[in-house]
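**Student:** First the structure, then my questions, so here it is.
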Amino acid sequence: MRKNKLLFLVIIVSSIGINNSFSQNSINSSGNTIISAGNGSISYSVGQVVYTTNFDTSGSVAQGVQQPYEISEVLSSVDFSDLVKDLKIFPNPSTDVLTINMSNLGDTSLDYELIDSNGRVLIQEKNIASETNIQVASLPSAIYFLKIKNQNTDIKTFKIIKK
């Protein structure tokens, strides 16, 4: 009789633990449950609060489930394709300093504008060097756009995440 009570208690405790456990739990910016049935559900999520990118002289490694991916198209009569391939903005996401790096600048004169989501130009600089640092520590956490220009011609726009 005592063995049966102990076995019954173990079964009850383990079934409660299984019913109340969740897999792949994370804090996301958005999401919803699509289908919910008696024995399960299907849901989706958008965004992930934490992911990191580690940079080194030989490249970078990004970790996290969802990674930012940028597609941009340059419509210009002047060919900046070599410059765009060489243009690096890091770290992204950033907390205090954002670096623009171009080793193949040549005699091209470039400008930048840091724009908020409302279209306001927050920081701008003309004739930037091949490595330029932008102080973003005083800006609130949000998504910004960094527009690289050559004499009022847009070369490339980067989406910047400020943590």
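Residues are named by chain letter and number: chains run A, B, ... in the order of the structure tokens, numbers start at 1 in each chain, and ligands are numbered from 1 in the order shown.
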Neighbouring residues of segment 83-92 of chain A were defined as those with any atom within 9 Å, considering only C-alpha atoms; residues of the same chain fewer than 6 positions away were excluded. Please report them as a ChimeraX atom specification.

**Tutor:** /A:52-55,98-105,155-156,158-162

**Student:** Between atom CA of Ile148 of chain A and atom CA of Ser109 of chain A, what distance in Å does the model show, to one decimal?

**Tutor:**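 Separating atom CA of Ile148 of chain A from atom CA of Ser109 of chain A is a distance of 10.5 Å.
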